[in-house]
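Q: Input protein-v6.tsv, format and content: TSV, C-alpha atoms.
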```
chain	number	residue	atom	x	y	z
H	1015	MET	CA	-139.20	37.35	91.76
H	1016	THR	CA	-141.34	38.52	88.89
H	1017	THR	CA	-145.02	39.33	89.26
H	1018	ARG	CA	-146.27	36.70	86.85
H	1019	LEU	CA	-149.75	37.19	85.40
H	1020	ILE	CA	-152.21	34.53	84.23
H	1021	SER	CA	-154.15	35.37	81.07
H	1022	SER	CA	-155.97	33.95	78.07
H	1023	GLU	CA	-156.70	35.07	74.53
H	1024	THR	CA	-160.15	36.58	74.07
H	1025	GLU	CA	-161.13	35.39	70.57
H	1026	SER	CA	-162.44	31.96	71.57
H	1027	PHE	CA	-164.98	33.52	73.93
H	1028	PHE	CA	-166.86	35.54	71.29
H	1029	ARG	CA	-169.98	33.38	71.74
H	1030	PHE	CA	-170.12	34.50	75.36
H	1031	GLY	CA	-170.50	38.18	74.58
H	1032	ASN	CA	-168.68	41.37	73.66
H	1033	ASN	CA	-165.22	42.39	74.81
H	1034	PHE	CA	-166.56	43.94	78.03
H	1035	GLU	CA	-168.45	40.77	78.94
H	1036	ILE	CA	-165.46	38.57	78.17
H	1037	ILE	CA	-163.18	40.68	80.36
H	1038	ASN	CA	-165.76	40.57	83.14
H	1039	MET	CA	-165.90	36.76	82.90
H	1040	PHE	CA	-162.11	36.58	83.10
H	1041	LYS	CA	-162.06	38.81	86.17
H	1042	THR	CA	-164.88	36.89	87.84
H	1043	ALA	CA	-162.97	33.64	87.27
H	1044	GLY	CA	-159.86	35.18	88.83
H	1045	PHE	CA	-157.59	35.95	85.87
H	1046	ASP	CA	-155.01	38.71	86.27
H	1047	ALA	CA	-154.92	39.71	82.61
H	1048	TYR	CA	-156.20	39.16	79.09
H	1049	ASP	CA	-154.51	38.65	75.71
H	1050	PHE	CA	-156.54	40.84	73.37
H	1051	SER	CA	-157.26	39.08	70.05
H	1052	MET	CA	-157.52	41.11	66.85
H	1053	PHE	CA	-157.65	38.30	64.29
H	1054	GLU	CA	-158.97	38.71	60.76
H	1055	GLY	CA	-162.73	38.20	60.77
H	1056	GLY	CA	-162.99	38.30	64.55
H	1057	ILE	CA	-166.49	38.98	65.85
H	1058	ASN	CA	-165.39	41.59	68.41
H	1059	ARG	CA	-162.65	43.11	66.24
H	1060	LEU	CA	-162.33	46.60	67.60
H	1061	ILE	CA	-159.77	47.69	64.99
H	1062	ASP	CA	-162.44	47.65	62.28
H	1063	GLU	CA	-164.39	50.47	63.96
H	1064	ASP	CA	-164.07	54.08	62.79
H	1065	ASP	CA	-163.78	55.23	66.42
H	1066	TYR	CA	-161.39	52.44	67.41
H	1067	LYS	CA	-159.26	54.75	69.57
H	1068	LYS	CA	-162.22	55.78	71.72
H	1069	LYS	CA	-163.50	52.22	71.96
H	1070	ALA	CA	-160.06	51.00	73.00
H	1071	SER	CA	-159.88	53.76	75.61
H	1072	ASP	CA	-163.34	52.84	76.93
H	1073	LEU	CA	-162.32	49.18	77.16
H	1074	LYS	CA	-159.15	50.13	79.03
H	1075	LYS	CA	-161.14	52.20	81.52
H	1076	TYR	CA	-163.57	49.32	82.08
H	1077	ALA	CA	-160.75	46.80	82.58
H	1078	ASP	CA	-159.02	49.17	85.02
H	1079	LYS	CA	-162.20	49.39	87.10
H	1080	GLN	CA	-162.40	45.60	87.06
H	1081	GLY	CA	-158.79	45.34	88.17
H	1082	ILE	CA	-157.58	43.34	85.18
H	1083	VAL	CA	-154.89	44.34	82.67
H	1084	CYS	CA	-154.07	43.66	79.04
H	1085	ASN	CA	-150.70	41.91	79.23
H	1086	GLN	CA	-150.35	41.25	75.51
H	1087	ALA	CA	-152.30	41.34	72.25
H	1088	HIS	CA	-152.41	39.44	68.98
H	1089	ALA	CA	-152.39	41.22	65.64
H	1090	PRO	CA	-154.28	40.02	62.55
H	1091	PHE	CA	-152.67	37.40	60.35
H	1092	PRO	CA	-151.39	36.27	57.86
H	1093	THR	CA	-148.99	39.20	58.13
H	1094	VAL	CA	-147.91	38.76	54.51
H	1095	ARG	CA	-149.19	36.79	51.53
H	1096	VAL	CA	-146.54	36.17	48.90
H	1097	ASN	CA	-147.23	38.09	45.67
H	1098	GLU	CA	-150.53	39.57	46.97
H	1099	GLN	CA	-149.72	43.26	47.25
H	1100	ASP	CA	-153.32	44.46	47.72
H	1101	TYR	CA	-153.75	42.19	50.73
H	1102	ASN	CA	-150.32	43.13	52.09
H	1103	ASP	CA	-151.10	46.86	51.90
H	1104	TYR	CA	-154.44	46.25	53.63
H	1105	ILE	CA	-153.11	44.06	56.42
H	1106	PHE	CA	-150.16	46.37	57.13
H	1107	GLN	CA	-152.61	49.15	58.01
H	1108	LYS	CA	-154.66	46.77	60.16
H	1109	ILE	CA	-151.58	45.65	62.05
H	1110	LEU	CA	-150.64	49.27	62.66
H	1111	ARG	CA	-154.09	49.76	64.17
H	1112	ALA	CA	-153.58	46.65	66.29
H	1113	LEU	CA	-150.31	48.07	67.61
H	1114	GLU	CA	-152.05	51.33	68.41
H	1115	VAL	CA	-154.96	49.62	70.17
H	1116	ALA	CA	-152.56	47.44	72.15
H	1117	SER	CA	-150.71	50.56	73.28
H	1118	ILE	CA	-153.97	52.18	74.41
H	1119	LEU	CA	-154.99	49.02	76.29
H	1120	GLY	CA	-151.63	48.97	78.06
H	1121	ALA	CA	-150.21	45.81	76.47
H	1122	LYS	CA	-146.43	45.48	76.52
H	1123	THR	CA	-146.23	43.05	73.63
H	1124	VAL	CA	-148.10	42.35	70.39
H	1125	ILE	CA	-147.74	39.02	68.61
H	1126	VAL	CA	-147.19	39.59	64.89
H	1127	HIS	CA	-146.64	36.38	62.94
H	1128	PRO	CA	-143.68	36.06	60.60
H	1129	CYS	CA	-144.51	35.14	57.03
H	1130	ASN	CA	-144.45	31.32	57.03
H	1131	ASN	CA	-142.51	31.04	53.79
H	1132	TYR	CA	-140.07	33.93	54.19
H	1133	THR	CA	-136.45	33.52	55.16
H	1134	ALA	CA	-135.16	35.20	58.31
H	1135	GLU	CA	-133.73	37.95	56.13
H	1136	GLN	CA	-137.04	38.55	54.35
H	1137	ASN	CA	-138.99	38.59	57.61
H	1138	ALA	CA	-136.48	40.99	59.16
H	1139	GLU	CA	-137.07	43.38	56.29
H	1140	MET	CA	-140.82	43.06	56.78
H	1141	TYR	CA	-140.61	43.66	60.54
H	1142	GLN	CA	-138.39	46.72	60.14
H	1143	ARG	CA	-141.35	48.55	58.56
H	1144	PHE	CA	-143.00	48.55	61.98
H	1145	LEU	CA	-140.00	49.89	63.89
H	1146	PRO	CA	-140.86	53.64	63.81
H	1147	TYR	CA	-144.35	52.88	65.13
H	1148	LEU	CA	-143.04	50.66	67.93
H	1149	LYS	CA	-140.78	53.47	69.11
H	1150	ASP	CA	-143.71	55.90	69.21
H	1151	LEU	CA	-146.23	53.51	70.79
H	1152	GLY	CA	-144.00	51.91	73.43
H	1153	VAL	CA	-144.85	48.31	72.56
H	1154	LYS	CA	-142.77	45.37	71.38
H	1155	ILE	CA	-143.53	42.90	68.60
H	1156	ALA	CA	-143.22	39.24	69.52
H	1157	LEU	CA	-142.42	36.73	66.79
H	1158	GLU	CA	-144.13	33.34	67.03
H	1159	ASN	CA	-142.96	29.92	65.82
H	1160	MET	CA	-145.09	28.84	62.86
H	1161	TRP	CA	-145.74	25.63	60.87
H	1162	ASN	CA	-146.73	24.43	57.43
H	1163	TRP	CA	-148.44	21.15	56.59
H	1164	ASP	CA	-147.18	18.27	54.46
H	1165	LYS	CA	-150.21	16.61	52.85
H	1166	GLU	CA	-148.23	13.51	51.91
H	1167	SER	CA	-146.74	12.70	55.29
H	1168	GLN	CA	-149.67	14.22	57.21
H	1169	PHE	CA	-147.20	15.92	59.55
H	1170	ALA	CA	-146.12	19.51	60.01
H	1171	LYS	CA	-143.22	20.82	57.96
H	1172	ALA	CA	-140.83	23.74	58.26
H	1173	ALA	CA	-142.00	27.36	58.35
H	1174	ALA	CA	-140.58	30.60	59.71
H	1175	CYS	CA	-139.29	30.16	63.28
H	1176	SER	CA	-140.55	26.54	63.35
H	1177	HIS	CA	-137.08	25.25	64.30
H	1178	HIS	CA	-135.29	26.59	67.37
H	1179	ASN	CA	-132.21	27.62	65.37
H	1180	ASP	CA	-134.30	29.46	62.77
H	1181	PHE	CA	-136.27	31.24	65.51
H	1182	PHE	CA	-133.01	32.36	67.09
H	1183	LYS	CA	-131.72	33.52	63.71
H	1184	HIS	CA	-134.88	35.60	63.17
H	1185	LEU	CA	-134.49	37.26	66.56
H	1186	ASN	CA	-130.79	38.00	66.10
H	1187	MET	CA	-131.59	40.07	63.01
H	1188	LEU	CA	-133.90	42.36	65.00
H	1189	ASP	CA	-133.34	44.91	67.77
H	1190	GLU	CA	-134.14	43.29	71.11
H	1191	LYS	CA	-135.45	46.63	72.41
H	1192	TYR	CA	-138.42	46.28	70.08
H	1193	PHE	CA	-138.64	42.60	69.09
H	1194	THR	CA	-138.99	39.54	71.27
H	1195	ALA	CA	-140.18	35.92	71.20
H	1196	CYS	CA	-143.53	34.30	71.96
H	1197	LEU	CA	-143.13	30.53	72.12
H	1198	ASP	CA	-146.22	28.66	70.99
H	1199	ILE	CA	-145.81	25.44	72.94
H	1200	GLY	CA	-148.32	23.47	70.89
H	1201	HIS	CA	-146.67	24.42	67.60
H	1202	ALA	CA	-143.24	23.40	68.89
H	1203	GLU	CA	-144.49	19.92	69.78
H	1204	MET	CA	-145.87	18.99	66.33
H	1205	LYS	CA	-144.16	15.99	64.72
H	1206	GLY	CA	-142.16	16.87	61.62
H	1207	LEU	CA	-140.63	20.14	62.80
H	1208	GLU	CA	-137.52	18.51	64.35
H	1209	THR	CA	-137.68	20.62	67.48
H	1210	SER	CA	-139.48	20.71	70.82
H	1211	ALA	CA	-140.70	23.29	73.29
H	1212	ILE	CA	-137.74	22.43	75.52
H	1213	GLU	CA	-135.23	22.97	72.70
H	1214	MET	CA	-136.94	26.27	71.91
H	1215	ILE	CA	-136.69	27.40	75.54
H	1216	ASN	CA	-133.06	26.33	75.86
H	1217	THR	CA	-132.13	28.14	72.64
H	1218	LEU	CA	-134.13	31.35	73.03
H	1219	LYS	CA	-133.30	31.82	76.73
H	1220	GLY	CA	-133.54	35.53	77.63
H	1221	ARG	CA	-135.17	36.50	74.33
H	1222	LEU	CA	-138.24	34.48	75.35
H	1223	THR	CA	-140.68	36.81	77.11
H	1224	ASN	CA	-144.10	35.38	76.17
H	1225	ILE	CA	-145.69	31.96	75.76
H	1226	HIS	CA	-148.88	30.60	74.25
H	1227	ILE	CA	-149.92	27.51	76.17
H	1228	HIS	CA	-152.04	24.70	74.76
H	1229	ASP	CA	-151.96	20.92	74.33
H	1230	ASN	CA	-152.21	18.58	71.35
H	1231	ASN	CA	-151.70	14.98	70.20
H	1232	LEU	CA	-148.09	15.74	69.09
H	1233	ILE	CA	-149.25	15.82	65.47
H	1234	HIS	CA	-152.03	18.38	64.96
H	1235	ASP	CA	-152.41	21.98	66.18
H	1236	LEU	CA	-155.36	21.26	68.49
H	1237	HIS	CA	-155.25	24.16	70.99
H	1238	GLN	CA	-156.52	22.13	73.94
H	1239	LEU	CA	-156.04	22.66	77.68
H	1240	PRO	CA	-152.80	21.26	79.14
H	1241	TYR	CA	-153.06	17.70	80.45
H	1242	THR	CA	-155.85	16.81	78.01
H	1243	GLY	CA	-153.34	15.81	75.29
H	1244	TYR	CA	-149.87	14.30	75.09
H	1245	ILE	CA	-147.45	17.18	75.66
H	1246	ASP	CA	-145.19	16.70	78.71
H	1247	PHE	CA	-145.79	19.96	80.53
H	1248	GLU	CA	-143.82	18.96	83.61
H	1249	GLN	CA	-140.60	18.86	81.58
H	1250	ILE	CA	-141.50	22.13	79.84
H	1251	LEU	CA	-142.13	23.84	83.17
H	1252	HIS	CA	-138.75	22.60	84.36
H	1253	ALA	CA	-137.06	24.04	81.26
H	1254	LEU	CA	-138.79	27.38	81.75
H	1255	LYS	CA	-137.72	27.45	85.38
H	1256	ILE	CA	-134.05	26.61	84.88
H	1257	ASN	CA	-133.86	29.16	82.04
H	1258	ASN	CA	-135.33	31.80	84.37
H	1259	TYR	CA	-138.41	32.54	82.27
H	1260	GLN	CA	-139.83	35.78	83.63
H	1261	GLY	CA	-142.93	36.14	81.47
H	1262	ASP	CA	-146.61	35.57	82.01
H	1263	ILE	CA	-148.70	32.41	81.66
H	1264	THR	CA	-150.98	32.94	78.67
H	1265	PHE	CA	-153.36	30.31	77.36
H	1266	GLU	CA	-154.40	29.85	73.75
H	1267	ALA	CA	-156.63	26.82	74.36
H	1268	ASN	CA	-159.46	28.01	72.15
H	1269	ASN	CA	-160.64	24.57	71.00
H	1270	PHE	CA	-160.94	23.45	74.62
H	1271	ILE	CA	-163.29	26.33	75.36
H	1272	SER	CA	-165.34	26.11	72.16
H	1273	SER	CA	-166.26	22.47	72.81
H	1274	PHE	CA	-168.40	23.43	75.83
H	1275	PRO	CA	-172.01	24.62	75.87
H	1276	LEU	CA	-172.18	28.36	76.38
H	1277	GLU	CA	-173.47	28.15	79.95
H	1278	LEU	CA	-170.41	26.09	80.93
H	1279	TYR	CA	-167.89	28.66	79.66
H	1280	PRO	CA	-167.48	30.33	83.08
H	1281	HIS	CA	-166.76	26.92	84.63
H	1282	ALA	CA	-164.36	25.87	81.88
H	1283	VAL	CA	-162.40	29.09	82.18
H	1284	LYS	CA	-162.03	28.48	85.93
H	1285	LEU	CA	-160.34	25.16	85.20
H	1286	MET	CA	-158.02	27.02	82.83
H	1287	LEU	CA	-157.24	29.48	85.61
H	1288	GLU	CA	-156.48	26.68	88.09
H	1289	THR	CA	-154.10	25.15	85.54
H	1290	GLY	CA	-152.42	28.54	85.26
H	1291	LYS	CA	-152.09	28.76	89.04
H	1292	TYR	CA	-150.44	25.35	89.06
H	1293	PHE	CA	-147.98	26.47	86.38
H	1294	LYS	CA	-147.25	29.65	88.29
H	1295	LYS	CA	-146.57	27.67	91.47
H	1296	GLN	CA	-144.13	25.38	89.66
H	1297	LEU	CA	-142.27	28.32	88.11
H	1298	ASP	CA	-142.14	30.55	91.18
H	1299	ASN	CA	-141.32	28.04	93.92
```
Can you dump the structure from the file as structure tokens?

A:
Amino acid sequence: MTTRLISSETESFFRFGNNFEIINMFKTAGFDAYDFSMFEGGINRLIDEDDYKKKASDLKKYADKQGIVCNQAHAPFPTVRVNEQDYNDYIFQKILRALEVASILGAKTVIVHPCNNYTAEQNAEMYQRFLPYLKDLGVKIALENMWNWDKESQFAKAAACSHHNDFFKHLNMLDEKYFTACLDIGHAEMKGLETSAIEMINTLKGRLTNIHIHDNNLIHDLHQLPYTGYIDFEQILHALKINNYQGDITFEANNFISSFPLELYPHAVKLMLETGKYFKKQLDN
């Protein structure tokens, strides 16, 4: 049986304090791990600092003392903007820093979004640029299923990895030693994408090593806590279990957290933890 960790992304807690204070809150609540966010424009974005290596090392030492680990991280995005070379050159360097910081923090996996409007072949070419750095740093890149929006229908429409077959195609063009899958459950359950989280799980099988967990109304990308929306998590847990999912339980329920007054954050995150414990029990029993 795997030692399954319960974690959450850090970005949605920026109002609570700096990275050290967020990690302390997670540990106090009882989390095993944290998913370190390095989004563009993030308040606590360590990769923008000149001494980012030292600051990452200091954060790792603090987390070690607290007894909590970085199980995964999330690189800045968009990873590519079509026909915007200046941005692409800039963001490539920032993602390299994110990979380096993740390695220092001890993360095994870094989520790096595919370009929404690239084919699997185009994204594979883009991802290959990172391969020498992955080999040196000892981390994997996880692809995530994306979505676009149809203004006429007011539903999601196809993007890179948004359909289970396209996600599988993306993965099959990349070396599984260095590239893996992070299933965003909320994205997979948006009407218009002609897929589901269960179809994703059944298709990806052993290539699925990470998940982002959040709920929605089956239409919009709402990033709410499970059981506050309409996604059927009992069936998803069953699919994960029968497909022998060995990864962690990582929440990305940022809009759930941000709706609370600041003083209630520690209480809200405890409810998130208890939901994670319930998921873990269903998967491990």

Q: Might you pull out every residue within 12 Å of segment 1284-1297 of chain H, with all atoms listed in the file counted and same-chain residues fewer than 5 positions away left off, and present them as a PyMOL selection string?

A: chain H and resi 1015-1023+1039-1048+1226-1228+1238-1242+1247-1268+1270-1271+1278-1279

Q: Give me a file of those residues, with C-alpha atoms, as a compact mmCIF listing (two decimals), in the coordinates of the input.

A:
```txt
# COMPACT_ATOMS: atom_id res chain seq x y z
CA MET H 1015 -139.20 37.35 91.76
CA THR H 1016 -141.34 38.52 88.89
CA THR H 1017 -145.02 39.33 89.26
CA ARG H 1018 -146.27 36.70 86.85
CA LEU H 1019 -149.75 37.19 85.40
CA ILE H 1020 -152.21 34.53 84.23
CA SER H 1021 -154.15 35.37 81.07
CA SER H 1022 -155.97 33.95 78.07
CA GLU H 1023 -156.70 35.07 74.53
CA MET H 1039 -165.90 36.76 82.90
CA PHE H 1040 -162.11 36.58 83.10
CA LYS H 1041 -162.06 38.81 86.17
CA THR H 1042 -164.88 36.89 87.84
CA ALA H 1043 -162.97 33.64 87.27
CA GLY H 1044 -159.86 35.18 88.83
CA PHE H 1045 -157.59 35.95 85.87
CA ASP H 1046 -155.01 38.71 86.27
CA ALA H 1047 -154.92 39.71 82.61
CA TYR H 1048 -156.20 39.16 79.09
CA HIS H 1226 -148.88 30.60 74.25
CA ILE H 1227 -149.92 27.51 76.17
CA HIS H 1228 -152.04 24.70 74.76
CA GLN H 1238 -156.52 22.13 73.94
CA LEU H 1239 -156.04 22.66 77.68
CA PRO H 1240 -152.80 21.26 79.14
CA TYR H 1241 -153.06 17.70 80.45
CA THR H 1242 -155.85 16.81 78.01
CA PHE H 1247 -145.79 19.96 80.53
CA GLU H 1248 -143.82 18.96 83.61
CA GLN H 1249 -140.60 18.86 81.58
CA ILE H 1250 -141.50 22.13 79.84
CA LEU H 1251 -142.13 23.84 83.17
CA HIS H 1252 -138.75 22.60 84.36
CA ALA H 1253 -137.06 24.04 81.26
CA LEU H 1254 -138.79 27.38 81.75
CA LYS H 1255 -137.72 27.45 85.38
CA ILE H 1256 -134.05 26.61 84.88
CA ASN H 1257 -133.86 29.16 82.04
CA ASN H 1258 -135.33 31.80 84.37
CA TYR H 1259 -138.41 32.54 82.27
CA GLN H 1260 -139.83 35.78 83.63
CA GLY H 1261 -142.93 36.14 81.47
CA ASP H 1262 -146.61 35.57 82.01
CA ILE H 1263 -148.70 32.41 81.66
CA THR H 1264 -150.98 32.94 78.67
CA PHE H 1265 -153.36 30.31 77.36
CA GLU H 1266 -154.40 29.85 73.75
CA ALA H 1267 -156.63 26.82 74.36
CA ASN H 1268 -159.46 28.01 72.15
CA PHE H 1270 -160.94 23.45 74.62
CA ILE H 1271 -163.29 26.33 75.36
CA LEU H 1278 -170.41 26.09 80.93
CA TYR H 1279 -167.89 28.66 79.66
```

Q: When you count only C-alpha atoms, which of these residues is closest to Asn1231 of chain H: H:Met1204, H:Met1140, H:Ala1121, H:Ile1061?

A: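 So, comparing all the options, the nearest one is H:Met1204.
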
Q: Tell me which of H:Ile1118, H:Met1052, H:Cys1175, H:Ile1036 sits closest to Glu1158 of chain H, counting all atoms listed in the file.

A: H:Cys1175

Q: Of the candidates H:Glu1190, H:Lys1165, H:Arg1111, H:Leu1236, which one gets nearest to Ser1273 of chain H if we count only C-alpha atoms?

A: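 Using only C-alpha atoms, Ser1273 of chain H sits closest to H:Leu1236.
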
Q: Quick one: distance from atom CA of Gly1031 of chain H to atom CA of Tyr1076 of chain H in Å, one decimal?

A: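 Distance between the two atoms: 15.1 Å.
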
Q: Given only C-alpha atoms as the basis, pick out the residue of H:Thr1133, H:Gln1107, H:Ser1051, H:Asn1097 nearest to Leu1119 of chain H.

A: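 With only C-alpha atoms as the atom set, the closest residue is H:Ser1051.
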
Q: Check the smallest atom-to-atom distance from each of H:Gly1120, H:Tyr1141, H:Ile1082, H:Asn1058 to Val1094 of chain H using all atoms listed in the file, then report the winner.

A: H:Tyr1141

Q: Tell me which of H:Glu1166, H:Glu1054, H:Glu1135, H:Asp1229 sits closest to Tyr1104 of chain H, counting all atoms listed in the file.

A: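 Among H:Glu1166, H:Glu1054, H:Glu1135, H:Asp1229, it is H:Glu1054 that comes nearest to Tyr1104 of chain H.
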
Q: What is the distance between atom CA of Ile1225 of chain H and atom CA of Ala1202 of chain H, in Å to one decimal?

A: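 Between these atoms lies a distance of 11.2 Å.
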
Q: Go ahead and compute the interatomic distance for atom CA of Ala1070 of chain H and atom CA of Asn1038 of chain H, in Å to one decimal.

A: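 Calculated distance between atom CA of Ala1070 of chain H and atom CA of Asn1038 of chain H is 15.6 Å.
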
Q: Quick one: residues within 12 Å of Val1126 of chain H, all atoms listed in the file counted, chain neighbours fewer than 4 positions away excluded, as a PyMOL selection string?

A: chain H and resi 1051-1053+1086-1094+1105-1106+1108-1110+1112-1113+1116+1130+1137+1140-1141+1144+1153-1160+1193-1196

Q: Can you fill out segment 1264-1276 of chain H with N, CA and C atoms and hand it back as a CSV table (one decimal), in the frame of the given file?

A:
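Printed below is selection-v2.csv as written:
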```csv
chain,number,residue,atom,x,y,z
H,1264,THR,N,-149.9,32.5,79.5
H,1264,THR,CA,-151.0,32.9,78.7
H,1264,THR,C,-151.5,31.7,77.9
H,1265,PHE,N,-152.8,31.4,78.0
H,1265,PHE,CA,-153.4,30.3,77.4
H,1265,PHE,C,-153.9,30.7,76.0
H,1266,GLU,N,-153.8,29.7,75.1
H,1266,GLU,CA,-154.4,29.8,73.8
H,1266,GLU,C,-155.1,28.5,73.5
H,1267,ALA,N,-155.9,28.1,74.4
H,1267,ALA,CA,-156.6,26.8,74.4
H,1267,ALA,C,-158.0,27.0,73.8
H,1268,ASN,N,-158.2,27.6,72.7
H,1268,ASN,CA,-159.5,28.0,72.2
H,1268,ASN,C,-160.4,26.8,71.8
H,1269,ASN,N,-159.8,25.7,71.3
H,1269,ASN,CA,-160.6,24.6,71.0
H,1269,ASN,C,-161.1,23.8,72.2
H,1270,PHE,N,-160.4,24.0,73.3
H,1270,PHE,CA,-160.9,23.4,74.6
H,1270,PHE,C,-162.2,24.2,75.0
H,1271,ILE,N,-162.2,25.5,75.0
H,1271,ILE,CA,-163.3,26.3,75.4
H,1271,ILE,C,-164.5,26.1,74.4
H,1272,SER,N,-164.2,26.1,73.1
H,1272,SER,CA,-165.3,26.1,72.2
H,1272,SER,C,-166.1,24.8,72.2
H,1273,SER,N,-165.6,23.7,72.8
H,1273,SER,CA,-166.3,22.5,72.8
H,1273,SER,C,-167.4,22.4,73.8
H,1274,PHE,N,-167.4,23.4,74.8
H,1274,PHE,CA,-168.4,23.4,75.8
H,1274,PHE,C,-169.7,24.2,75.4
H,1275,PRO,N,-170.8,23.8,76.0
H,1275,PRO,CA,-172.0,24.6,75.9
H,1275,PRO,C,-171.8,26.0,76.5
H,1276,LEU,N,-172.4,27.0,76.0
H,1276,LEU,CA,-172.2,28.4,76.4
H,1276,LEU,C,-172.3,28.6,77.9
```
